[in-house]
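Only one structure is covered here, and it is reproduced in the block below.
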Amino acid sequence: MQQHEHWDILLSNQVDKKAFIETILKGKSVGKLSHFNTKSGMLFSDIAIANFIKKEYQYDSIEAATDTTRKLSSFSSGERKKVFLNYCIKQEPDYIILDNPLDHLDINSRKSITIALEELAKKVLLIQIINRNTDLHSFILNKAHIQNNSFVLEDLKLAEETTTTYFKSIPDAFDPIVYQDTILIQMNGVNVSYLEKPILKTINWTIKKGEFWHLLGPNGSGKSTLLSLITGENAKGYGQNVYLFGKKKGSGESIWDIKKNIGYFSTAMTDLFQKRDTLEQMILSGFFDSIGLYTQPTSLQKKLVSQWLELINMTHLKNNIFNQLSIGQQRLALIVRAVLKHPPLLILDEPVEGLDDENAALVTQLITVLSQKTDMAILYVSHRSEPNLKPNAIYELTPQTTGSTGKIKN
């Protein structure tokens, strides 16, 4: 397999990626990709993996890892990608479309997948579709950029580090959540196990007002478990020294008592807004903690949202349907929704994953301004270290046979 037959394609977030991929798979490409029209292909993506897992549950089958008794869902994120990639290879396609294959992976898993793809390139044609310049593969010689839905392959220009300042200040909070104490979250010697399998071991961590943390750890290290302890959703916190906003877990607090103090964003939240809510309505719903706007907002609330829309340069889009906006626009809007009340703690779970370089720069600048201009504590969760993002400290999980341990790194 010749290297010049493979493609590395950088995709802007303005492009309808699903339509572009379908164009290739249905043999309707034009121009430089037209020679793929007579070939059979498969899609390797997070969505394809999720759909495969649903199929396994539906039919109670094991198709991906036939040499084991394990379903695909039982593997960690990194292992899951390797297993599904092997499954794709066994189907003997002429080419495989790789949709952001390095997303959601820790450093070691990214290296492992990259090595596997370089070996695979000797046997199967590859079309890698990515959003970040840093994810380009050196072993793929053909590189192009697609910036709109014409799907025209343009010469690739490496992104320059932006120095533009997009956000200088942020609007005041409407009915801000007031929390007087300095300490928001405190864990002393916390252990978590599931079905006798240790997940977390002797976790000691204190999050104070105004701090900016980066939660780091390889796939399967227990980051999601730790987040669920902080949000109060994990019953494993009962009976342990877990203090959430001044109250010990299990001391009579409701889940609402905890969640009202937290602004939360994750990439999965985008899928919650599938109705025909406008951008303005979606952000306004953050005042009422509802998925959709079912309460008439006040004129002051609408004014505040207008200020936010002006800040993120999206005023002209306020009446557009939210789920028809680009992924970058949706991401900014969801983060704004999470901070309307200036909650004591803001959790951002992989906020730049799936964004192109331009939109990632916008989001990281917004996070930086929030950390500088408010007293919100920010908990940033990501495998990526963005060059323009400067957390005060890192809390890193390290897997051990007895459960992941945590360490503070400044």
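Following the order of the structure tokens, first chain is A, next is B, and so on, with residues numbered from 1 inside each chain and ligands from 1 in the order they appear.
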Report as an mmCIF file with C-alpha atoms, in the first residue's frame: the residues of range 40-156 of chain A with a DSSP assignment of alpha helix (DSSP H), based on the backbone of this structure.
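Contents of the output file out29.cif:
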```
data_model
loop_
_atom_site.group_PDB
_atom_site.id
_atom_site.type_symbol
_atom_site.label_atom_id
_atom_site.label_comp_id
_atom_site.auth_asym_id
_atom_site.auth_seq_id
_atom_site.Cartn_x
_atom_site.Cartn_y
_atom_site.Cartn_z
ATOM 1 C CA ASP A 46 -16.863 7.081 18.274
ATOM 2 C CA ILE A 47 -20.418 7.079 16.907
ATOM 3 C CA ALA A 48 -19.797 3.834 15.000
ATOM 4 C CA ILE A 49 -18.437 2.268 18.198
ATOM 5 C CA ALA A 50 -21.459 3.491 20.211
ATOM 6 C CA ASN A 51 -23.861 2.062 17.619
ATOM 7 C CA PHE A 52 -21.979 -1.241 17.666
ATOM 8 C CA ILE A 53 -22.298 -1.412 21.457
ATOM 9 C CA LYS A 54 -26.055 -0.803 21.164
ATOM 10 C CA LYS A 55 -26.257 -3.661 18.683
ATOM 11 C CA GLU A 56 -24.392 -5.974 21.059
ATOM 12 C CA TYR A 57 -26.859 -5.176 23.835
ATOM 13 C CA GLN A 58 -29.851 -5.522 21.530
ATOM 14 C CA TYR A 59 -28.865 -8.963 20.267
ATOM 15 C CA SER A 77 -11.836 3.808 25.766
ATOM 16 C CA GLY A 78 -8.385 3.067 24.400
ATOM 17 C CA GLU A 79 -8.864 -0.706 24.331
ATOM 18 C CA ARG A 80 -12.314 -0.258 22.778
ATOM 19 C CA LYS A 81 -10.850 1.637 19.833
ATOM 20 C CA LYS A 82 -8.177 -1.013 19.271
ATOM 21 C CA VAL A 83 -10.719 -3.849 19.375
ATOM 22 C CA PHE A 84 -13.115 -2.085 17.021
ATOM 23 C CA LEU A 85 -10.273 -1.209 14.653
ATOM 24 C CA ASN A 86 -9.357 -4.912 14.483
ATOM 25 C CA TYR A 87 -13.006 -5.705 13.789
ATOM 26 C CA CYS A 88 -13.017 -3.208 10.888
ATOM 27 C CA ILE A 89 -9.864 -4.797 9.457
ATOM 28 C CA LYS A 90 -11.411 -8.283 9.599
ATOM 29 C CA ILE A 107 -1.208 10.132 25.710
ATOM 30 C CA ASN A 108 -0.154 6.470 25.766
ATOM 31 C CA SER A 109 -3.322 5.314 24.002
ATOM 32 C CA ARG A 110 -2.847 8.001 21.343
ATOM 33 C CA LYS A 111 0.681 6.729 20.701
ATOM 34 C CA SER A 112 -0.516 3.119 20.576
ATOM 35 C CA ILE A 113 -3.355 3.869 18.130
ATOM 36 C CA THR A 114 -0.998 5.935 15.946
ATOM 37 C CA ILE A 115 1.452 3.021 15.704
ATOM 38 C CA ALA A 116 -1.418 0.654 14.866
ATOM 39 C CA LEU A 117 -2.655 2.998 12.133
ATOM 40 C CA GLU A 118 0.811 3.317 10.601
ATOM 41 C CA GLU A 119 0.997 -0.481 10.347
ATOM 42 C CA LEU A 120 -2.545 -0.634 9.001
#
```
Residues of range 143-213 of chain A at most 9 Å from range 387-397 of chain A: nearest atom pair and distance in Å, only C-alpha atoms, as a Markdown table:
```
| residue | atom | partner | partner_atom | distance |
| --- | --- | --- | --- | --- |
| A:Glu161 | CA | A:Pro387 | CA | 9.0 |
| A:Leu200 | CA | A:Leu397 | CA | 8.7 |
| A:Trp205 | CA | A:Tyr395 | CA | 8.2 |
| A:Glu211 | CA | A:Asn392 | CA | 6.7 |
| A:Phe212 | CA | A:Pro391 | CA | 5.0 |
| A:Trp213 | CA | A:Ala393 | CA | 5.2 |
```
For range 295-377 of chain A against range 272-282 of chain A, with a cut-off of 12 Å and counting only C-alpha atoms, what is the closest atom pair and its distance in Å to one decimal for every residue that makes the cut, ordered by chain and number, as a Markdown table?
```
| residue | atom | partner | partner_atom | distance |
| --- | --- | --- | --- | --- |
| A:Thr295 | CA | A:Gln281 | CA | 10.2 |
| A:Gln296 | CA | A:Gln281 | CA | 10.1 |
| A:Pro297 | CA | A:Gln281 | CA | 9.3 |
| A:Gln301 | CA | A:Glu280 | CA | 10.8 |
| A:Lys302 | CA | A:Glu280 | CA | 8.3 |
| A:Lys303 | CA | A:Glu280 | CA | 10.8 |
| A:Leu304 | CA | A:Glu280 | CA | 10.8 |
| A:Val305 | CA | A:Glu280 | CA | 7.2 |
| A:Ser306 | CA | A:Glu280 | CA | 8.1 |
| A:Gln307 | CA | A:Glu280 | CA | 11.2 |
| A:Trp308 | CA | A:Glu280 | CA | 10.1 |
| A:Leu309 | CA | A:Glu280 | CA | 8.3 |
| A:Glu310 | CA | A:Glu280 | CA | 11.6 |
| A:Met314 | CA | A:Leu279 | CA | 9.1 |
| A:Thr315 | CA | A:Glu280 | CA | 8.9 |
| A:His316 | CA | A:Leu279 | CA | 10.2 |
| A:Leu317 | CA | A:Leu279 | CA | 7.0 |
| A:Lys318 | CA | A:Glu280 | CA | 4.9 |
| A:Asn319 | CA | A:Thr278 | CA | 5.2 |
| A:Asn320 | CA | A:Thr278 | CA | 5.2 |
| A:Ile321 | CA | A:Thr278 | CA | 4.2 |
| A:Phe322 | CA | A:Leu279 | CA | 4.6 |
| A:Asn323 | CA | A:Gln274 | CA | 6.4 |
| A:Gln324 | CA | A:Arg276 | CA | 9.1 |
| A:Leu325 | CA | A:Leu279 | CA | 8.5 |
| A:Ser326 | CA | A:Leu279 | CA | 11.5 |
| A:Gln329 | CA | A:Leu279 | CA | 9.5 |
| A:Gln330 | CA | A:Leu279 | CA | 8.4 |
| A:Arg331 | CA | A:Leu279 | CA | 11.4 |
| A:Leu332 | CA | A:Leu279 | CA | 10.9 |
| A:Ala333 | CA | A:Leu279 | CA | 7.6 |
| A:Leu334 | CA | A:Met282 | CA | 8.2 |
| A:Ile335 | CA | A:Met282 | CA | 11.4 |
| A:Val336 | CA | A:Met282 | CA | 10.2 |
| A:Arg337 | CA | A:Met282 | CA | 7.7 |
| A:Ala338 | CA | A:Met282 | CA | 11.0 |
| A:Leu340 | CA | A:Met282 | CA | 11.9 |
```
(request) Using only C-alpha atoms, find the one residue out of A:Ser150, A:Ser404, A:Thr231, A:Asn13 that sits nearest to Ile129 in chain A. (result)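 Looking at the shortest contact to Ile129 in chain A, the residue is A:Asn13.
Rounded to one decimal, CA of Gly189 in chain A and CA of Asn204 in chain A lie 5.5 Å from each other.
Put simply, CA of Thr402 in chain A is 22.7 Å away from CA of Leu105 in chain A.
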Mind running range 146-252 of chain A against range 366-373 of chain A at 9 Å and telling me each contacting residue's nearest atom pair with the distance in Å (one decimal), counting only C-alpha atoms, chain and number ascending, as JSON lines?
```
{"residue": "A:Tyr166", "atom": "CA", "partner": "A:Leu366", "partner_atom": "CA", "distance": 8.0}
{"residue": "A:Phe167", "atom": "CA", "partner": "A:Leu366", "partner_atom": "CA", "distance": 6.5}
{"residue": "A:Lys168", "atom": "CA", "partner": "A:Val369", "partner_atom": "CA", "distance": 7.1}
{"residue": "A:Ser169", "atom": "CA", "partner": "A:Val369", "partner_atom": "CA", "distance": 6.9}
{"residue": "A:Ile170", "atom": "CA", "partner": "A:Lys373", "partner_atom": "CA", "distance": 7.4}
{"residue": "A:Gly210", "atom": "CA", "partner": "A:Ser371", "partner_atom": "CA", "distance": 7.2}
{"residue": "A:Glu211", "atom": "CA", "partner": "A:Ser371", "partner_atom": "CA", "distance": 7.8}
{"residue": "A:Phe212", "atom": "CA", "partner": "A:Ser371", "partner_atom": "CA", "distance": 6.6}
```
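Taking only C-alpha atoms into account, Ser228 in chain A lies nearest to A:Ile347 out of the set A:Ile347, A:Ile127, A:Ile21, A:Leu195.
Near Tyr194 in chain A, within 12 Å and counting only C-alpha atoms, sit Leu200, Gly222, Thr225, Asn234, Ala235, Lys236 and Gly403 of chain A, not including residues fewer than 6 positions from it in the same chain.
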Just-selected residues, C-alpha atoms written as a compact mmCIF listing (two decimals), in the first residue's frame:
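result.txt was written with the following content:
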```txt
# COMPACT_ATOMS: atom_id res chain seq x y z
CA LEU A 200 -10.03 4.82 43.57
CA GLY A 222 -11.50 6.67 37.47
CA THR A 225 -16.09 8.06 39.10
CA ASN A 234 -22.35 8.41 43.27
CA ALA A 235 -23.71 6.49 46.24
CA LYS A 236 -20.16 5.32 47.02
CA GLY A 403 -7.10 1.46 42.72
```
(request) Please identify all polymer residues within 12 Å of Arg132 in chain A, counting only C-alpha atoms, omitting same-chain residues fewer than 5 positions from it, and present them as a PyMOL selection string. (result) chain A and resi 8-13+99-103+137+145+156-160+352-361+384+386
(request) Enter the distance from CA of Asp181 in chain A to CA of Leu348 in chain A, in Å, rounded to one decimal. (result) 22.1 Å
(request) Tell me which of A:Ser138, A:Val152, A:His383, A:Asn410 sits closest to Ser29 in chain A, counting only C-alpha atoms. (result)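 Checking each candidate against Ser29 in chain A, we get A:Val152 as the closest.
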(request) Pick out the closest residue to Leu125 in chain A from this set: A:Ala19, A:Ala144, A:Ile199, A:Met42. Count only C-alpha atoms. (result)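 For Leu125 in chain A, the nearest of the given residues is A:Met42.
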(request) Run DSSP on the backbone and grab whatever in range 183-410 of chain A lands in strand (DSSP E or B); send it over as a ChimeraX atom specification. (result) /A:183-194,197-208,212-216,241-244,247-248,262-266,278,321,345-349,377-381,393-398,404-409
For the residues selected in the previous step, produce a file with C-alpha atoms as an mmCIF file, in the first residue's frame.
```
data_model
loop_
_atom_site.group_PDB
_atom_site.id
_atom_site.type_symbol
_atom_site.label_atom_id
_atom_site.label_comp_id
_atom_site.auth_asym_id
_atom_site.auth_seq_id
_atom_site.Cartn_x
_atom_site.Cartn_y
_atom_site.Cartn_z
ATOM 1 C CA ILE A 183 -13.796 25.218 50.702
ATOM 2 C CA LEU A 184 -16.217 23.785 48.130
ATOM 3 C CA ILE A 185 -15.198 20.118 47.903
ATOM 4 C CA GLN A 186 -13.180 18.069 50.365
ATOM 5 C CA MET A 187 -12.274 14.380 50.188
ATOM 6 C CA ASN A 188 -10.189 12.663 52.831
ATOM 7 C CA GLY A 189 -9.017 9.075 52.309
ATOM 8 C CA VAL A 190 -11.830 8.200 49.896
ATOM 9 C CA ASN A 191 -11.919 4.679 48.407
ATOM 10 C CA VAL A 192 -14.244 3.350 45.703
ATOM 11 C CA SER A 193 -14.683 -0.215 44.468
ATOM 12 C CA TYR A 194 -17.204 -1.871 42.145
ATOM 13 C CA LYS A 197 -12.680 -4.222 41.784
ATOM 14 C CA PRO A 198 -10.828 -1.208 43.276
ATOM 15 C CA ILE A 199 -11.295 2.015 41.299
ATOM 16 C CA LEU A 200 -10.030 4.821 43.567
ATOM 17 C CA LYS A 201 -7.634 4.479 46.512
ATOM 18 C CA THR A 202 -7.116 6.972 49.353
ATOM 19 C CA ILE A 203 -8.192 10.085 47.450
ATOM 20 C CA ASN A 204 -7.331 13.314 49.280
ATOM 21 C CA TRP A 205 -8.412 16.450 47.430
ATOM 22 C CA THR A 206 -9.693 19.869 48.410
ATOM 23 C CA ILE A 207 -11.174 22.322 45.895
ATOM 24 C CA LYS A 208 -11.450 25.926 47.049
ATOM 25 C CA PHE A 212 -8.594 26.440 38.460
ATOM 26 C CA TRP A 213 -7.889 22.693 38.322
ATOM 27 C CA HIS A 214 -7.011 20.313 35.496
ATOM 28 C CA LEU A 215 -8.162 16.753 36.251
ATOM 29 C CA LEU A 216 -5.845 14.420 34.416
ATOM 30 C CA ASN A 241 -15.223 11.690 54.376
ATOM 31 C CA VAL A 242 -16.737 13.427 51.378
ATOM 32 C CA TYR A 243 -17.831 17.026 52.008
ATOM 33 C CA LEU A 244 -19.765 18.794 49.251
ATOM 34 C CA LYS A 247 -22.179 19.222 54.051
ATOM 35 C CA LYS A 248 -20.968 15.699 54.584
ATOM 36 C CA ILE A 262 -22.425 23.345 40.082
ATOM 37 C CA GLY A 263 -22.382 24.476 36.478
ATOM 38 C CA TYR A 264 -21.718 21.449 34.300
ATOM 39 C CA PHE A 265 -20.723 20.889 30.699
ATOM 40 C CA SER A 266 -19.948 17.670 28.858
ATOM 41 C CA THR A 278 -33.656 28.393 19.452
ATOM 42 C CA ILE A 321 -32.408 26.353 15.939
ATOM 43 C CA LEU A 345 -18.024 25.290 40.856
ATOM 44 C CA LEU A 346 -17.856 24.920 37.077
ATOM 45 C CA ILE A 347 -17.065 21.443 35.705
ATOM 46 C CA LEU A 348 -15.956 21.316 32.066
ATOM 47 C CA ASP A 349 -15.661 17.726 30.869
ATOM 48 C CA ALA A 377 -13.704 27.304 40.901
ATOM 49 C CA ILE A 378 -13.128 25.599 37.543
ATOM 50 C CA LEU A 379 -12.519 21.883 37.116
ATOM 51 C CA TYR A 380 -11.247 21.243 33.589
ATOM 52 C CA VAL A 381 -11.178 17.612 32.466
ATOM 53 C CA ALA A 393 -2.816 23.050 39.526
ATOM 54 C CA ILE A 394 -3.282 19.523 38.200
ATOM 55 C CA TYR A 395 -4.905 16.638 40.047
ATOM 56 C CA GLU A 396 -3.574 13.524 38.357
ATOM 57 C CA LEU A 397 -4.900 10.000 38.780
ATOM 58 C CA THR A 398 -2.441 7.131 38.418
ATOM 59 C CA SER A 404 -6.007 4.779 41.212
ATOM 60 C CA THR A 405 -4.188 7.163 43.497
ATOM 61 C CA GLY A 406 -4.268 10.940 43.192
ATOM 62 C CA LYS A 407 -1.429 13.447 43.206
ATOM 63 C CA ILE A 408 -1.414 17.246 43.102
ATOM 64 C CA LYS A 409 0.994 18.787 40.579
#
```
